[in-house]
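Asks: Handing over model-v6.cif, mmCIF, C-alpha atoms and all ligand atoms.
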data_coords
#
loop_
_atom_site.label_atom_id
_atom_site.label_comp_id
_atom_site.auth_asym_id
_atom_site.auth_seq_id
_atom_site.Cartn_x
_atom_site.Cartn_y
_atom_site.Cartn_z
CA MET A 13 30.10 -106.52 -6.74
CA LYS A 14 30.75 -105.24 -3.23
CA ARG A 15 30.16 -108.74 -2.10
CA SER A 16 32.99 -110.55 -3.90
CA SER A 17 35.67 -108.13 -2.69
CA ALA A 18 34.41 -108.49 0.89
CA ASN A 19 34.78 -112.26 0.80
CA GLY A 20 37.85 -112.81 -1.32
CA SER A 21 39.65 -114.63 1.47
CA VAL A 22 42.21 -116.29 -0.78
CA GLY A 23 44.78 -118.27 1.16
CA THR A 24 42.44 -119.58 3.87
CA ASN A 25 42.21 -123.35 4.16
CA ARG A 26 39.52 -125.03 2.18
CA ILE A 27 36.56 -126.40 4.15
CA PRO A 28 35.09 -129.15 1.98
CA LEU A 29 31.41 -130.07 1.86
CA LEU A 30 32.50 -133.59 2.74
CA ASP A 31 35.84 -135.07 3.88
CA LEU A 32 36.23 -138.60 2.54
CA ILE A 33 40.01 -138.73 3.00
CA THR A 34 40.33 -138.63 6.80
CA PRO A 35 38.22 -141.71 7.67
CA HIS A 36 40.11 -143.83 5.14
CA ARG A 37 43.43 -142.65 6.51
CA GLU A 38 42.32 -143.45 10.05
CA LEU A 39 41.09 -146.96 9.12
CA GLN A 40 43.88 -147.69 6.65
CA ASP A 41 45.27 -150.79 8.41
CA GLU A 42 41.86 -152.43 8.88
CA LEU A 43 40.87 -151.73 5.27
CA HIS A 44 44.17 -153.09 3.93
CA ALA A 45 43.60 -156.29 5.94
CA VAL A 46 40.22 -156.77 4.20
CA LEU A 47 41.82 -156.41 0.79
CA ILE A 48 44.60 -158.88 1.61
CA LYS A 49 42.08 -161.40 2.96
CA ALA A 50 39.91 -161.13 -0.16
CA LEU A 51 42.90 -161.48 -2.49
CA SER A 52 44.28 -164.48 -0.62
CA THR A 53 40.95 -166.35 -0.66
CA ALA A 54 39.87 -165.05 -4.11
CA SER A 55 36.34 -164.79 -2.74
CA PHE A 56 35.10 -161.69 -4.51
CA VAL A 57 31.33 -162.08 -4.90
CA GLY A 58 29.17 -163.39 -2.06
CA GLY A 59 30.77 -165.57 0.60
CA PRO A 60 31.48 -165.12 4.31
CA MET A 61 32.43 -161.41 4.22
CA VAL A 62 29.05 -160.55 2.69
CA GLU A 63 27.17 -162.68 5.24
CA GLU A 64 29.15 -161.21 8.10
CA PHE A 65 28.25 -157.68 7.01
CA GLU A 66 24.59 -158.59 6.44
CA ASN A 67 24.35 -159.97 9.97
CA ALA A 68 26.05 -156.95 11.51
CA PHE A 69 23.94 -154.46 9.56
CA SER A 70 20.63 -156.20 10.33
CA ALA A 71 21.53 -156.05 14.04
CA PHE A 72 22.44 -152.36 13.66
CA CYS A 73 19.07 -151.62 12.00
CA ASP A 74 17.11 -153.83 14.42
CA VAL A 75 15.66 -156.02 11.64
CA ARG A 76 15.71 -159.76 11.01
CA HIS A 77 17.06 -159.73 7.46
CA CYS A 78 19.62 -157.73 5.52
CA ILE A 79 20.41 -158.53 1.90
CA GLY A 80 23.50 -156.88 0.44
CA VAL A 81 23.04 -155.57 -3.10
CA ASN A 82 24.93 -153.60 -5.72
CA SER A 83 23.57 -150.13 -4.94
CA GLY A 84 20.83 -148.23 -3.17
CA THR A 85 19.01 -147.90 -6.48
CA ASP A 86 18.94 -151.70 -6.86
CA GLY A 87 17.85 -151.88 -3.23
CA VAL A 88 14.76 -149.72 -3.78
CA ARG A 89 13.92 -151.52 -7.03
CA PHE A 90 14.34 -155.05 -5.62
CA ALA A 91 12.38 -154.15 -2.47
CA LEU A 92 9.50 -152.80 -4.57
CA ILE A 93 9.40 -155.86 -6.83
CA ALA A 94 9.68 -158.25 -3.88
CA ALA A 95 6.89 -156.37 -2.09
CA GLY A 96 4.61 -157.14 -5.04
CA VAL A 97 4.83 -154.01 -7.19
CA ARG A 98 3.97 -155.02 -10.76
CA PRO A 99 4.17 -153.23 -14.12
CA GLY A 100 1.28 -150.80 -14.41
CA ASP A 101 0.95 -150.20 -10.65
CA ALA A 102 1.29 -146.76 -9.09
CA VAL A 103 3.89 -146.01 -6.40
CA VAL A 104 3.69 -142.83 -4.32
CA THR A 105 6.79 -140.83 -3.40
CA VAL A 106 7.94 -137.19 -3.13
CA PRO A 107 9.44 -134.97 -5.85
CA ASN A 108 12.34 -133.72 -3.72
CA THR A 109 14.69 -136.64 -3.53
CA PHE A 110 17.61 -137.98 -5.52
CA ILE A 111 16.38 -139.31 -8.87
CA ALA A 112 17.29 -142.91 -7.91
CA SER A 113 14.16 -143.24 -5.75
CA VAL A 114 11.99 -142.53 -8.80
CA GLU A 115 14.13 -144.51 -11.27
CA ALA A 116 13.64 -147.54 -9.03
CA ILE A 117 9.87 -147.08 -9.22
CA SER A 118 9.64 -146.66 -12.98
CA GLN A 119 12.22 -149.38 -13.64
CA ALA A 120 10.05 -151.76 -11.62
CA GLY A 121 7.49 -150.90 -14.29
CA ALA A 122 5.35 -148.72 -12.02
CA HIS A 123 4.07 -145.17 -12.40
CA PRO A 124 5.56 -142.67 -9.97
CA VAL A 125 2.92 -140.52 -8.26
CA PHE A 126 4.15 -137.53 -6.28
CA VAL A 127 2.92 -135.87 -3.10
CA ASP A 128 4.46 -132.67 -1.77
CA VAL A 129 6.59 -132.40 1.36
CA ASP A 130 6.42 -130.68 4.72
CA PRO A 131 8.14 -127.26 4.49
CA ARG A 132 10.09 -127.73 7.73
CA THR A 133 11.32 -131.34 7.48
CA TYR A 134 11.44 -131.62 3.64
CA ASN A 135 9.91 -135.10 4.05
CA MET A 136 6.61 -136.54 2.84
CA ASP A 137 3.62 -134.53 4.08
CA HIS A 138 1.22 -137.19 5.40
CA TRP A 139 -1.77 -134.81 5.09
CA LYS A 140 -1.09 -134.56 1.37
CA LEU A 141 -0.70 -138.33 1.20
CA GLU A 142 -4.08 -138.71 2.89
CA ASP A 143 -5.61 -136.19 0.51
CA LEU A 144 -4.21 -138.09 -2.47
CA LEU A 145 -5.48 -141.46 -1.26
CA GLU A 146 -8.90 -140.13 -0.30
CA ASN A 147 -9.57 -137.79 -3.20
CA ALA A 148 -7.39 -138.71 -6.17
CA CYS A 149 -7.91 -142.46 -5.70
CA GLU A 150 -10.92 -144.73 -5.40
CA LYS A 151 -11.55 -148.20 -4.05
CA ASP A 152 -12.40 -150.90 -6.57
CA GLU A 153 -15.33 -152.56 -4.81
CA SER A 154 -14.89 -155.98 -6.46
CA THR A 155 -11.18 -156.37 -5.63
CA GLY A 156 -10.81 -153.98 -2.68
CA MET A 157 -7.79 -152.43 -4.39
CA VAL A 158 -7.09 -148.71 -4.31
CA LEU A 159 -6.83 -147.29 -7.83
CA THR A 160 -5.76 -143.85 -9.01
CA LYS A 161 -8.77 -142.10 -10.57
CA LYS A 162 -6.52 -140.96 -13.39
CA GLY A 163 -5.23 -143.99 -15.28
CA LYS A 164 -6.79 -146.55 -12.91
CA HIS A 165 -3.44 -147.76 -11.62
CA ARG A 166 -3.41 -149.92 -8.49
CA VAL A 167 -1.61 -148.02 -5.72
CA ALA A 168 0.82 -150.73 -4.65
CA ALA A 169 3.41 -148.95 -2.53
CA ILE A 170 4.48 -145.75 -0.80
CA VAL A 171 8.17 -144.79 -0.74
CA PRO A 172 8.88 -142.25 2.01
CA ILE A 173 12.41 -140.83 1.88
CA HIS A 174 14.35 -140.14 5.11
CA LEU A 175 15.96 -137.14 3.45
CA PHE A 176 19.23 -135.61 4.71
CA GLY A 177 19.28 -138.29 7.44
CA GLN A 178 16.01 -137.31 9.10
CA PRO A 179 13.23 -139.90 9.29
CA ALA A 180 9.93 -139.18 7.59
CA ASP A 181 6.96 -139.04 10.00
CA MET A 182 6.27 -142.76 9.75
CA ASP A 183 3.33 -143.28 12.16
CA PRO A 184 0.68 -141.54 10.01
CA ILE A 185 2.21 -142.90 6.79
CA LEU A 186 2.09 -146.48 8.11
CA GLN A 187 -1.46 -145.94 9.41
CA LEU A 188 -2.64 -144.71 6.01
CA ALA A 189 -0.88 -147.62 4.32
CA GLU A 190 -2.66 -150.09 6.61
CA ARG A 191 -6.00 -148.40 6.06
CA PHE A 192 -5.66 -148.54 2.27
CA GLY A 193 -3.82 -151.89 2.03
CA ILE A 194 -0.61 -150.47 0.56
CA LYS A 195 3.01 -151.55 1.17
CA VAL A 196 5.61 -149.10 2.52
CA ILE A 197 9.22 -149.24 1.31
CA GLU A 198 11.49 -146.82 3.17
CA ASP A 199 14.21 -145.11 1.17
CA ALA A 200 16.78 -145.03 3.97
CA CYS A 201 19.68 -144.33 1.60
CA GLN A 202 20.62 -141.17 3.56
CA ALA A 203 19.59 -142.33 7.04
CA HIS A 204 21.82 -145.13 8.39
CA GLY A 205 21.13 -145.21 12.13
CA ALA A 206 18.53 -142.41 12.25
CA LYS A 207 15.88 -142.90 14.94
CA TYR A 208 12.16 -142.20 14.94
CA PHE A 209 9.98 -142.09 18.04
CA SER A 210 6.78 -143.93 17.23
CA ARG A 211 4.00 -142.32 19.25
CA ARG A 212 1.68 -145.25 18.65
CA GLU A 213 4.25 -147.76 19.89
CA SER A 214 5.86 -145.49 22.49
CA ARG A 215 9.36 -146.47 21.45
CA TRP A 216 12.27 -145.33 19.35
CA ARG A 217 12.62 -147.21 16.09
CA THR A 218 15.51 -147.34 13.63
CA ALA A 219 15.27 -146.09 10.06
CA GLY A 220 14.96 -149.10 7.80
CA SER A 221 12.99 -151.20 10.30
CA MET A 222 9.56 -149.60 10.08
CA GLY A 223 8.17 -150.33 6.61
CA HIS A 224 7.66 -153.68 4.90
CA ALA A 225 11.20 -153.26 3.63
CA ALA A 226 13.81 -150.54 3.26
CA ALA A 227 16.72 -149.72 1.00
CA PHE A 228 20.13 -148.38 1.99
CA SER A 229 22.89 -146.98 -0.19
CA PHE A 230 26.55 -147.33 0.70
CA TYR A 231 27.72 -144.96 -2.01
CA PRO A 232 31.07 -143.53 -0.73
CA GLY A 233 29.65 -140.20 0.47
CA LYS A 234 26.81 -141.69 2.55
CA ASN A 235 27.08 -141.89 6.37
CA LEU A 236 28.13 -145.51 5.90
CA GLY A 237 29.95 -145.62 2.58
CA ALA A 238 31.78 -148.36 0.71
CA CYS A 239 34.89 -147.70 -1.40
CA GLY A 240 32.79 -148.16 -4.52
CA GLU A 241 29.15 -149.07 -5.19
CA ALA A 242 27.08 -150.98 -2.62
CA GLY A 243 23.63 -151.09 -1.06
CA ALA A 244 21.27 -153.24 1.02
CA VAL A 245 17.65 -154.16 1.60
CA THR A 246 16.40 -154.65 5.16
CA THR A 247 13.13 -156.32 6.16
CA ASN A 248 11.47 -158.41 8.86
CA ASP A 249 9.58 -160.43 6.24
CA PRO A 250 11.37 -163.74 5.47
CA GLU A 251 9.55 -164.23 2.15
CA LEU A 252 10.38 -160.73 0.94
CA ALA A 253 14.00 -161.33 2.00
CA ALA A 254 14.14 -164.60 0.06
CA LEU A 255 12.78 -162.87 -3.04
CA VAL A 256 15.36 -160.07 -2.83
CA ARG A 257 18.11 -162.71 -2.49
CA MET A 258 16.86 -164.27 -5.72
CA LEU A 259 16.42 -160.97 -7.55
CA ARG A 260 19.98 -159.85 -6.82
CA ASP A 261 21.36 -163.10 -8.23
CA HIS A 262 19.56 -163.68 -11.55
CA GLY A 263 16.50 -165.15 -9.85
CA GLN A 264 18.46 -168.24 -8.81
CA THR A 265 17.31 -170.55 -6.05
CA GLN A 266 20.40 -172.68 -6.62
CA LYS A 267 23.09 -172.35 -9.23
CA TYR A 268 21.54 -172.35 -12.75
CA TYR A 269 18.00 -172.98 -11.45
CA HIS A 270 16.12 -169.72 -12.04
CA ALA A 271 12.72 -169.47 -10.38
CA VAL A 272 12.17 -165.93 -11.66
CA GLU A 273 14.06 -163.60 -13.96
CA GLY A 274 16.35 -161.50 -11.81
CA TYR A 275 19.28 -159.12 -12.11
CA ASN A 276 23.00 -158.94 -11.56
CA GLY A 277 22.71 -156.95 -8.33
CA ARG A 278 25.05 -158.63 -5.86
CA LEU A 279 27.30 -157.05 -3.24
CA ASP A 280 31.09 -157.50 -3.67
CA SER A 281 32.94 -159.26 -0.83
CA ILE A 282 35.61 -156.57 -0.70
CA GLN A 283 33.00 -153.83 -0.30
CA ALA A 284 31.20 -155.91 2.35
CA GLY A 285 34.50 -156.27 4.24
CA PHE A 286 35.16 -152.52 4.06
CA LEU A 287 31.60 -151.87 5.23
CA SER A 288 31.97 -154.21 8.24
CA CYS A 289 35.06 -152.22 9.34
CA LYS A 290 33.32 -148.90 8.94
CA LEU A 291 30.07 -150.07 10.55
CA ARG A 292 31.94 -150.41 13.85
CA HIS A 293 32.52 -146.64 13.75
CA LEU A 294 29.14 -145.55 12.45
CA GLU A 295 27.47 -144.86 15.78
CA ASN A 296 30.35 -142.63 16.80
CA TRP A 297 30.43 -140.88 13.41
CA ASN A 298 26.69 -140.23 13.60
CA ALA A 299 27.07 -138.83 17.13
CA LEU A 300 29.82 -136.51 15.87
CA ARG A 301 27.56 -135.35 13.02
CA ARG A 302 24.76 -134.66 15.52
CA SER A 303 27.12 -132.62 17.71
CA ALA A 304 28.31 -130.64 14.68
CA ALA A 305 24.67 -129.96 13.73
CA GLN A 306 23.94 -128.80 17.27
CA ARG A 307 26.91 -126.39 17.11
CA TYR A 308 25.75 -125.03 13.74
CA ASN A 309 22.24 -124.52 15.17
CA GLU A 310 23.63 -122.52 18.09
CA MET A 311 25.92 -120.42 15.91
CA ILE A 312 23.08 -119.66 13.49
CA ALA A 313 20.68 -118.78 16.32
CA ALA A 314 23.31 -116.46 17.82
CA ALA A 315 24.01 -114.81 14.46
CA ASP A 316 20.56 -113.28 14.07
CA ALA A 317 20.78 -113.41 10.28
CA ARG A 318 18.26 -114.55 7.69
CA ILE A 319 19.32 -118.18 7.76
CA VAL A 320 16.80 -120.95 8.36
CA ALA A 321 18.45 -123.82 10.25
CA PRO A 322 17.20 -127.41 9.84
CA PHE A 323 14.19 -128.39 11.92
CA GLU A 324 14.35 -131.57 13.96
CA PRO A 325 10.99 -132.60 15.45
CA SER A 326 10.97 -134.08 18.97
CA TRP A 327 10.24 -137.51 17.48
CA SER A 328 13.36 -137.45 15.31
CA GLN A 329 17.01 -138.22 15.91
CA ALA A 330 18.50 -137.27 12.57
CA VAL A 331 21.95 -138.44 11.51
CA TYR A 332 22.69 -135.34 9.40
CA HIS A 333 23.84 -136.94 6.18
CA LEU A 334 23.51 -133.32 5.08
CA TYR A 335 23.11 -130.09 7.03
CA VAL A 336 20.75 -128.00 4.92
CA VAL A 337 19.85 -124.36 5.56
CA GLN A 338 17.57 -122.02 3.66
CA VAL A 339 18.74 -118.61 2.51
CA GLU A 340 17.43 -115.90 0.24
CA ASP A 341 19.37 -115.35 -2.98
CA ARG A 342 20.93 -118.79 -2.71
CA SER A 343 23.14 -118.59 -5.82
CA ALA A 344 24.89 -115.43 -4.57
CA VAL A 345 25.43 -117.05 -1.17
CA GLY A 346 26.86 -120.20 -2.76
CA ARG A 347 29.23 -118.09 -4.89
CA ASP A 348 30.42 -116.09 -1.88
CA LEU A 349 31.05 -119.21 0.17
CA ALA A 350 33.01 -120.72 -2.73
CA ALA A 351 35.09 -117.51 -2.85
CA ALA A 352 35.74 -117.93 0.88
CA ASN A 353 37.02 -121.46 0.16
CA ILE A 354 33.98 -123.20 1.62
CA GLY A 355 32.34 -126.11 -0.19
CA THR A 356 28.55 -126.17 -0.44
CA GLY A 357 25.97 -128.22 -2.34
CA ILE A 358 22.34 -128.11 -3.43
CA HIS A 359 20.27 -131.20 -2.70
CA TYR A 360 18.48 -130.87 -5.06
CA PRO A 361 18.27 -127.92 -7.46
CA VAL A 362 15.55 -129.28 -9.79
CA PRO A 363 12.54 -131.13 -8.32
CA LEU A 364 11.94 -134.44 -10.07
CA HIS A 365 8.54 -133.48 -11.48
CA LEU A 366 10.30 -130.67 -13.40
CA GLN A 367 13.18 -132.81 -14.71
CA GLU A 368 13.39 -133.33 -18.45
CA ALA A 369 13.58 -137.10 -17.83
CA TYR A 370 10.08 -136.98 -16.33
CA ALA A 371 8.46 -134.56 -18.75
CA HIS A 372 6.20 -137.43 -19.86
CA LEU A 373 4.55 -137.43 -16.43
CA GLY A 374 2.95 -134.16 -17.52
CA HIS A 375 3.68 -132.03 -14.47
CA GLU A 376 4.25 -128.31 -14.49
CA ARG A 377 5.67 -125.66 -12.21
CA GLY A 378 3.23 -125.00 -9.37
CA ASP A 379 2.18 -128.65 -8.96
CA PHE A 380 4.31 -129.13 -5.81
CA PRO A 381 4.90 -125.62 -4.46
CA VAL A 382 6.58 -126.57 -1.17
CA THR A 383 9.22 -128.62 -2.97
CA GLU A 384 9.67 -125.94 -5.62
CA ARG A 385 10.18 -123.16 -3.08
CA ALA A 386 12.65 -125.25 -1.08
CA ALA A 387 14.61 -126.13 -4.23
CA GLU A 388 15.29 -122.42 -4.77
CA ARG A 389 16.41 -121.69 -1.21
CA ILE A 390 18.23 -124.74 0.17
CA LEU A 391 21.98 -124.87 0.62
CA SER A 392 23.97 -127.78 2.08
CA LEU A 393 26.83 -126.67 4.35
CA PRO A 394 30.00 -128.65 5.11
CA MET A 395 29.04 -131.68 7.24
CA PHE A 396 31.16 -134.69 8.20
CA PRO A 397 32.16 -136.34 11.50
CA THR A 398 35.53 -134.59 11.92
CA LEU A 399 34.27 -131.10 11.04
CA ALA A 400 36.01 -128.71 13.46
CA GLU A 401 34.16 -126.10 15.51
CA ALA A 402 36.47 -123.30 14.29
CA ASP A 403 35.70 -124.24 10.69
CA GLN A 404 31.97 -124.21 11.43
CA GLN A 405 32.34 -120.73 12.89
CA ARG A 406 34.10 -119.65 9.70
CA VAL A 407 31.24 -121.10 7.64
CA VAL A 408 28.60 -119.29 9.71
CA ASP A 409 30.58 -116.02 9.73
CA ALA A 410 30.86 -116.17 5.94
CA LEU A 411 27.14 -116.93 5.71
CA VAL A 412 26.24 -114.02 7.95
CA GLN A 413 28.42 -111.66 5.96
CA THR A 414 26.94 -112.66 2.62
CA THR A 415 23.31 -112.89 3.80
CA SER A 416 23.45 -109.46 5.42
CA SER A 417 24.94 -108.00 2.25
CA VAL A 418 22.07 -109.60 0.32
CA VAL A 419 19.60 -107.77 2.54
CA THR A 420 21.50 -104.49 2.11
CA ASP A 421 21.61 -104.94 -1.67
CA ALA A 422 17.89 -105.64 -1.76
CA ALA A 423 17.20 -102.50 0.25
CA VAL A 424 19.25 -100.31 -2.11
C1 LIG B 1 22.05 -142.22 -2.76
C2 LIG B 1 20.59 -142.36 -2.84
C3 LIG B 1 19.96 -143.37 -3.58
C4 LIG B 1 20.69 -144.28 -4.51
O1 LIG B 1 21.73 -144.98 -3.99
P1 LIG B 1 22.91 -145.51 -4.96
O2 LIG B 1 23.69 -146.39 -4.06
O3 LIG B 1 23.66 -144.32 -5.42
O4 LIG B 1 22.28 -146.25 -6.07
C5 LIG B 1 18.58 -143.47 -3.52
N1 LIG B 1 17.85 -142.62 -2.80
C6 LIG B 1 18.42 -141.61 -2.10
C7 LIG B 1 17.54 -140.70 -1.30
C8 LIG B 1 19.80 -141.44 -2.11
O5 LIG B 1 20.34 -140.42 -1.44
#
When written as structure tokens, how does the structure in this file appear?
Replies:
Amino acid sequence: MKRSSANGSVGTNRIPLLDLITPHRELQDELHAVLIKALSTASFVGGPMVEEFENAFSAFCDVRHCIGVNSGTDGVRFALIAAGVRPGDAVVTVPNTFIASVEAISQAGAHPVFVDVDPRTYNMDHWKLEDLLENACEKDESTGMVLTKKGKHRVAAIVPIHLFGQPADMDPILQLAERFGIKVIEDACQAHGAKYFSRRESRWRTAGSMGHAAAFSFYPGKNLGACGEAGAVTTNDPELAALVRMLRDHGQTQKYYHAVEGYNGRLDSIQAGFLSCKLRHLENWNALRRSAAQRYNEMIAAADARIVAPFEPSWSQAVYHLYVVQVEDRSAVGRDLAAANIGTGIHYPVPLHLQEAYAHLGHERGDFPVTERAAERILSLPMFPTLAEADQQRVVDALVQTTSSVVTDAAV
């Protein structure tokens, strides 16, 4: 009760979780030109604007092929199918991600199998992946395939998520995948331009270029966002790329000749044109996000409050799609920040293994304790390229005030 009166700063400007207005105002003329061009040529699906974006984005990601699709969800699904995932297979991922990663797996007909995450990076824990492959799976000696002991599903793919814009620790994941003969599809939907230092290759690599294929989302709020729905698959494998091209367009090899049954999963020309404009600014926007994250880190370190800042390993250059802290009594903190006119989010409040939609997988609370604990403590703070330092200070001050009152309340 004390708390709400202390933070009732009515009349202060709102600091949103995400500012989608400013970049569109700044790029207004360029974006209008795209629209006029599309209307005057009536080229709305496919065509040169899509190809132009695909070429630019594959160069940005340092891969040979980029295939524009309808959404990130389609991207993950098409990449899995094109990589050879078949109905009845098992696909390994983590339970703390957006549901789309898991929908893509089950809608490719496969069984999602979860491994828990690392408590500091929130990304796939490769030790737990190794434990799963060594102890919960077995090798079929006649075929050489790795099967889950439970259900005898062939483990066909691993889907690491580069959550919040930070790459998963790919070296050990790729090594395990090689050892067990499994494909790796990166979910790079939050990680456009993130970098990972591969210790085994002694070089920085770009998110979306490390697995057999990767999926990106250009949902408006992502670091590179369309003005509607859009996504992409990236890969260095020409055959996989050709298959994704077919899958996105009803399985066509040429008009009305369908080699396989596909989907309506194409990228709009207008969205591709918008994305090409915005892609030219992405490196700068990501650098601004990294600077904002650095400022938050310093402010939080100086505050000496019970706030856990994000952890960025030396091998990671995260692009801070989200800036996620951990606090005690998260719901009270979120309420107090809302009262101080500060937008926050929770990514994500309910781990996927505890979602009603996945009750049939038969999991219970306690199965993935690291994910479950994080889900109760994480809070996403305002994060976008033009976030001002003074606003960040206001966010951290409000956080300090509410977290110290939480401690006081607990002590009473
Ligand atoms: C946004 C997102 C997706 C899905 O992308 P859509 O374009 O919304 O379909 C998949 N995985 C993750 C981790 C995401 O953040």
Asks: Which chains and residue numbers are within 10 Å of ligand LIG 1 (chain B), counting all atoms listed in the file, if I want them as a count of residues only?
Replies: 47
Asks: Of the candidates A:Val320, A:Leu186, A:Ala402, A:Met395, which one gets nearest to His138 (chain A) if we count all atoms listed in the file?
Replies: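 The shortest atom-to-atom distance to His138 (chain A) comes from A:Leu186.
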Asks: Closest to Ala254 (chain A) among A:Val272, A:Asn309, A:Ala299, A:Val103, using only C-alpha atoms?
Replies: A:Val272
Asks: Please list as a PyMOL selection string every residue within 8 Å of Thr356 (chain A), counting all atoms listed in the file and excluding residues in the same chain fewer than 4 positions away.
Replies: chain A and resi 28-29+346+349-350+391-394
Asks: Just how far from CA of Ile197 (chain A) is CA of Thr155 (chain A), in Å to one decimal?
Replies: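 Interatomic distance here is 22.7 Å.
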Asks: What's around region 120-134 of chain A at 7 Å? Count all atoms listed in the file, leave out sequence neighbours fewer than 5 positions away in its own chain, and write the answer as a list in words.
Replies: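 Near neighbours after the sequence-gap exclusion: Arg89, Ile93, Arg98, Pro99, Gly100, Asp101, Ala102, Val103, Val104, Thr105, Val106, Pro107, Val114, Lys140, Leu141, Phe323, Phe380, Val382 and Thr383 of chain A.
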Asks: Between CA of Leu259 (chain A) and CA of Tyr275 (chain A), measure the distance and give it in Å to one decimal.
Replies: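 Distance reported for this atom pair: 5.7 Å.
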Asks: Can you list, as a list in words, every protein, DNA or RNA residue that comes within 12 Å of Asp152 (chain A) when you count all atoms listed in the file, leaving out same-chain residues fewer than 5 positions away?
Replies: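 Everything that qualifies: Met157, Val158, Leu159, Thr160, Lys161, Lys164, His165, Arg166, Val167 and Phe192 of chain A.
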Asks: Which is closer to Ile33 (chain A) than all the others in A:Cys239, A:Ile194, A:Val339, A:Ile185, using all atoms listed in the file?
Replies: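 Selected residue with least distance to Ile33 (chain A): A:Cys239.
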Asks: Report, in Å to a single decimal, how far apart CA of Val337 (chain A) and CA of Ala315 (chain A) are.
Replies: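 Rounded to one decimal, the two atoms are 13.7 Å apart.
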Asks: Kindly indicate which residue among A:Gln40, A:Thr53, A:Ser70, A:Thr24 lies nearest to Leu291 (chain A), using only C-alpha atoms for the distances.
Replies: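 Result for the nearest residue to Leu291 (chain A): A:Ser70.
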Asks: Go through A:Ala271, A:Phe90, A:Arg292, A:Pro363 and flag the residue nearest His375 (chain A), using all atoms listed in the file for the distances.
Replies: A:Pro363
